[in-house]
Amino acid sequence: MCGGGGGSDAGDIQRRNEQLEEERQARIRAGSDLITQQFSRFDDGFFGDFQNNFLSFFEPQLDKQSNAARGQGISALVDRGILNSTEGIRGLTDIQDRDALERTNLVNRGQDEVNKLRQGVEREKTNLFALNETAADPARIAPLAQGGAASFAAPAAFSPLEDVFGGVLNSVAAFQAARNNAVAPVARRSFNSSGVASSGGSGRVVG
């Protein structure tokens, strides 16, 4: 009569399952290490460099636009002889204020781009860690982690800065036109042979 064989078999199966789980956890740890290694480059220094590159791309364009706008504004005001007038001073001040506003906007936009990049990196890592937990396959995770990290590390492509001073220059032109329209035309006056002053045109002489 045989006895105890079933218990031995159950113990063997349990030990085998435990061994398989340990191996699976080891593969998961290996995959996690690969992901962490690939994404370790995305530290504060990386994001700081990204923001500096953003500003280095846009600030020279803003400088160029600002200088051109100021030059155009001064030229237009000089042509109309109102450079030192209240309107002229206000127009140049508007250009200066817009320059300061746009520089602040660039810093804020740069920070927004950094935040979006951080979020994208974290989202990619989260997805890879979830896949790694399910697949438990480092050979599969390795190229995915490498490609995902590389896509975020690639140099960013920015569009050129839009025209930010056009509205201000239009305003300068508008108040110049308004000022010109506000100056009433001076009627030419002449004297007839009787010494009576008369305005040019067909007005009648009061006698």
# chains A, B, ... in the order shown; residues from 1 in each chain; ligands from 1

$ residues_around --residues "region 101-107 of chain A" --least-positions-apart "4" --cutoff "8 Å" --atoms "only C-alpha atoms" --output "mmCIF file with C-alpha atoms, in the first residue's frame"
data_model
loop_
_atom_site.group_PDB
_atom_site.id
_atom_site.type_symbol
_atom_site.label_atom_id
_atom_site.label_comp_id
_atom_site.auth_asym_id
_atom_site.auth_seq_id
_atom_site.Cartn_x
_atom_site.Cartn_y
_atom_site.Cartn_z
ATOM 1 C CA LEU A 55 14.794 81.272 -24.625
ATOM 2 C CA PHE A 58 13.139 83.142 -29.203
ATOM 3 C CA GLU A 59 14.896 86.031 -27.455
ATOM 4 C CA LEU A 62 12.235 89.303 -30.053
ATOM 5 C CA ASP A 97 5.964 98.113 -22.637
ATOM 6 C CA GLN A 111 8.202 77.100 -18.263
ATOM 7 C CA VAL A 164 4.247 90.790 -31.659
#

$ residues_around --residues "Val168 (chain A)" --least-positions-apart "3" --cutoff "9 Å" --atoms "only C-alpha atoms" --output "PyMOL selection string"
chain A and resi 69+91+94-95+98+164-165+171-173

$ closest_residue --among "A:Arg16, A:Arg41, A:Arg70, A:Arg27" --to "Ala135 (chain A)" --atoms "only C-alpha atoms"
A:Arg27

$ closest_residue --among "A:Ser8, A:Gln61, A:Ala136, A:Gln19" --to "Glu162 (chain A)" --atoms "only C-alpha atoms"
A:Gln61

$ closest_residue --among "A:Ser159, A:Gln72, A:Gln51, A:Asn132" --to "Asn108 (chain A)" --atoms "only C-alpha atoms"
A:Gln51

$ closest_residue --among "A:Pro155, A:Gly73, A:Gly167, A:Pro160" --to "Leu117 (chain A)" --atoms "only C-alpha atoms"
A:Pro155

$ atom_distance --atom1 "CA of Phe129 (chain A)" --atom2 "CA of Arg24 (chain A)"
14.4 Å

$ closest_residue --among "A:Leu161, A:Leu34, A:Leu169, A:Leu83" --to "Ala149 (chain A)" --atoms "only C-alpha atoms"
A:Leu34

$ atom_distance --atom1 "CA of Gly148 (chain A)" --atom2 "CA of Phe57 (chain A)"
25.0 Å

$ select_by_dssp --residues "region 113-171 of chain A" --states "helix (DSSP H, G or I)" --output "short mmCIF file (atom, residue, chain, number, x, y, z; two decimals) with N, CA and C atoms, in the first residue's frame"
data_model
loop_
_atom_site.label_atom_id
_atom_site.label_comp_id
_atom_site.auth_asym_id
_atom_site.auth_seq_id
_atom_site.Cartn_x
_atom_site.Cartn_y
_atom_site.Cartn_z
N GLU A 113 6.41 74.91 -21.52
CA GLU A 113 6.96 73.85 -22.36
C GLU A 113 7.74 72.84 -21.52
N VAL A 114 8.46 73.32 -20.52
CA VAL A 114 9.18 72.42 -19.62
C VAL A 114 8.19 71.52 -18.89
N ASN A 115 7.10 72.10 -18.40
CA ASN A 115 6.11 71.31 -17.67
C ASN A 115 5.48 70.25 -18.56
N LYS A 116 5.19 70.61 -19.81
CA LYS A 116 4.62 69.63 -20.73
C LYS A 116 5.61 68.51 -21.02
N LEU A 117 6.89 68.87 -21.15
CA LEU A 117 7.91 67.86 -21.40
C LEU A 117 8.05 66.93 -20.20
N ARG A 118 8.06 67.48 -19.00
CA ARG A 118 8.12 66.65 -17.78
C ARG A 118 6.95 65.67 -17.74
N GLN A 119 5.77 66.19 -18.01
CA GLN A 119 4.58 65.34 -17.97
C GLN A 119 4.65 64.23 -19.01
N GLY A 120 5.16 64.57 -20.20
CA GLY A 120 5.30 63.55 -21.23
C GLY A 120 6.29 62.46 -20.84
N VAL A 121 7.39 62.86 -20.24
CA VAL A 121 8.40 61.90 -19.80
C VAL A 121 7.82 60.98 -18.72
N GLU A 122 7.14 61.57 -17.76
CA GLU A 122 6.56 60.76 -16.67
C GLU A 122 5.47 59.83 -17.19
N ARG A 123 4.69 60.30 -18.14
CA ARG A 123 3.64 59.45 -18.71
C ARG A 123 4.24 58.26 -19.45
N GLU A 124 5.31 58.52 -20.20
CA GLU A 124 5.98 57.44 -20.93
C GLU A 124 6.58 56.41 -19.96
N LYS A 125 7.21 56.91 -18.91
CA LYS A 125 7.78 55.99 -17.91
C LYS A 125 6.69 55.15 -17.26
N THR A 126 5.59 55.78 -16.89
CA THR A 126 4.49 55.06 -16.24
C THR A 126 3.96 53.95 -17.14
N ASN A 127 3.80 54.27 -18.43
CA ASN A 127 3.30 53.26 -19.37
C ASN A 127 4.30 52.11 -19.53
N LEU A 128 5.58 52.44 -19.56
CA LEU A 128 6.59 51.39 -19.70
C LEU A 128 6.65 50.50 -18.46
N PHE A 129 6.57 51.12 -17.29
CA PHE A 129 6.58 50.31 -16.07
C PHE A 129 5.37 49.39 -16.00
N ALA A 130 4.21 49.88 -16.44
CA ALA A 130 3.00 49.04 -16.44
C ALA A 130 3.16 47.88 -17.42
N LEU A 131 3.70 48.17 -18.61
CA LEU A 131 3.92 47.11 -19.59
C LEU A 131 4.94 46.11 -19.07
N ASN A 132 5.98 46.59 -18.44
CA ASN A 132 7.01 45.72 -17.90
C ASN A 132 6.44 44.79 -16.83
N GLU A 133 5.55 45.31 -16.00
CA GLU A 133 4.93 44.49 -14.95
C GLU A 133 4.10 43.36 -15.54
N THR A 134 3.46 43.64 -16.66
CA THR A 134 2.61 42.63 -17.31
C THR A 134 3.43 41.63 -18.13
N ALA A 135 4.38 42.18 -18.91
CA ALA A 135 5.12 41.31 -19.83
C ALA A 135 6.23 40.53 -19.14
N PRO A 138 12.37 41.55 -20.21
CA PRO A 138 13.36 42.62 -20.39
C PRO A 138 13.79 42.81 -21.85
N ALA A 139 13.85 41.73 -22.59
CA ALA A 139 14.26 41.82 -23.99
C ALA A 139 13.26 42.65 -24.80
N ARG A 140 12.01 42.59 -24.43
CA ARG A 140 11.00 43.39 -25.10
C ARG A 140 11.02 44.84 -24.62
N ILE A 141 11.27 45.03 -23.34
CA ILE A 141 11.23 46.36 -22.74
C ILE A 141 12.42 47.21 -23.17
N ALA A 142 13.58 46.58 -23.35
CA ALA A 142 14.81 47.33 -23.61
C ALA A 142 14.69 48.29 -24.80
N PRO A 143 14.27 47.81 -26.00
CA PRO A 143 14.19 48.75 -27.13
C PRO A 143 13.09 49.79 -26.96
N LEU A 144 12.02 49.41 -26.27
CA LEU A 144 10.94 50.36 -26.04
C LEU A 144 11.41 51.50 -25.13
N ALA A 145 12.14 51.14 -24.09
CA ALA A 145 12.65 52.16 -23.17
C ALA A 145 13.67 53.05 -23.88
N GLN A 146 14.52 52.45 -24.66
CA GLN A 146 15.54 53.22 -25.38
C GLN A 146 14.89 54.18 -26.37
N GLY A 147 13.92 53.68 -27.13
CA GLY A 147 13.26 54.53 -28.12
C GLY A 147 12.43 55.63 -27.48
N GLY A 148 11.73 55.29 -26.39
CA GLY A 148 10.92 56.30 -25.71
C GLY A 148 11.77 57.42 -25.14
N ALA A 149 12.86 57.07 -24.52
CA ALA A 149 13.75 58.09 -23.96
C ALA A 149 14.37 58.94 -25.05
N ALA A 150 14.76 58.30 -26.14
CA ALA A 150 15.40 59.04 -27.23
C ALA A 150 14.46 60.06 -27.84
N SER A 151 13.17 59.72 -27.90
CA SER A 151 12.22 60.64 -28.51
C SER A 151 12.09 61.93 -27.70
N PHE A 152 12.24 61.84 -26.39
CA PHE A 152 12.15 63.04 -25.56
C PHE A 152 13.48 63.78 -25.47
N ALA A 153 14.56 63.06 -25.70
CA ALA A 153 15.87 63.69 -25.62
C ALA A 153 16.25 64.41 -26.91
N GLY A 166 3.13 94.36 -34.32
CA GLY A 166 2.28 94.92 -35.36
C GLY A 166 1.13 95.74 -34.80
N GLY A 167 0.50 95.24 -33.75
CA GLY A 167 -0.63 95.96 -33.16
C GLY A 167 -0.21 97.29 -32.57
N VAL A 168 0.96 97.33 -31.94
CA VAL A 168 1.44 98.58 -31.35
C VAL A 168 1.74 99.60 -32.44
N LEU A 169 2.39 99.17 -33.52
CA LEU A 169 2.70 100.09 -34.61
C LEU A 169 1.43 100.59 -35.28
N ASN A 170 0.42 99.73 -35.37
CA ASN A 170 -0.87 100.17 -35.92
C ASN A 170 -1.50 101.23 -35.03
N SER A 171 -1.34 101.06 -33.71
CA SER A 171 -1.87 102.06 -32.78
C SER A 171 -1.16 103.39 -32.94
#
